[in-house]
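S.K.: For reference, the structure I am asking about is given below.
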Amino acid sequence: MPHCHSISALAARRQRALERGFLRQRVAGFKYVAVAENMAMKVKQVAASLEVHGNHCKLAGRDIHTASVAALTVKKHIGQEGFQDALRTHKIANRAKHSWADFVDEEQDNVTAESGEGTMCAPSMAKEVDPLALHDP
């Protein structure tokens, strides 16, 4: 039958791929998620925050809805430095989730600002609707 290969041929191809570095063993306990290249960093930042949040919930012995509240709840266990690191991680993740300026096409941005449509993304409105921007110096 065409395009059917023997098991031994498949094993030989796999071995060649492994020897040439095309295959890498997956780290135990981890899964890889395929995301668009331009989203990869955002996904990593959100995943880091989720991991910290989950660890804090385990440490607290209960589910805590908000990541920063979870950090505050376990502050006496993680110390001031651990608490500050957690808040920093969550802030980076929040920016990754809510800041899309680097994805907005500059021409589209100008059209949005001029037309008034989608004013949530218009640069002039950013400080008014973004709570992170309101509290940043």
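For the structure tokens, the naming scheme is as follows: chains receive sequential letters (A, B, ...) according to their order of presentation, residues are indexed from 1 within each chain, and ligands are indexed from 1 in presentation order.
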Contacts of range 67-71 of chain A at 12 Å or less, counting only C-alpha atoms, minus same-chain residues fewer than 6 places along, as number ranges by chain?

M.R.: A: 46, 48-61, 77-91, 93-94

S.K.: To one decimal in Å, tell me the separation between CA of Lys97 in chain A and CA of Thr73 in chain A.

M.R.: 23.5 Å

S.K.: Provide the CA of Phe103 in chain A to CA of Asn38 in chain A distance in Å, to one decimal place.

M.R.: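 CA of Asn38 in chain A lies at a distance of 8.6 Å from CA of Phe103 in chain A.
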
S.K.: Considering only C-alpha atoms, state which residue in the set A:Ile92, A:Ala101, A:Leu10, A:Val74 is at the smallest distance from Lys42 in chain A.

M.R.: A:Ile92

S.K.: Work out how far apart CA of Ala96 in chain A and CA of Met39 in chain A are and give it in Å to one decimal.

M.R.: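 Calculated distance between CA of Ala96 in chain A and CA of Met39 in chain A is 9.2 Å.
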
S.K.: Skip Leu23 in chain A itself and residues of its chain fewer than 5 positions away, then list as a list of chain:residue names all residues within 12 Å of it, counting only C-alpha atoms.

M.R.: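 The residues that qualify are A:Arg13, A:Arg14, A:Gln15, A:Arg16, A:Ala17, A:Leu18.
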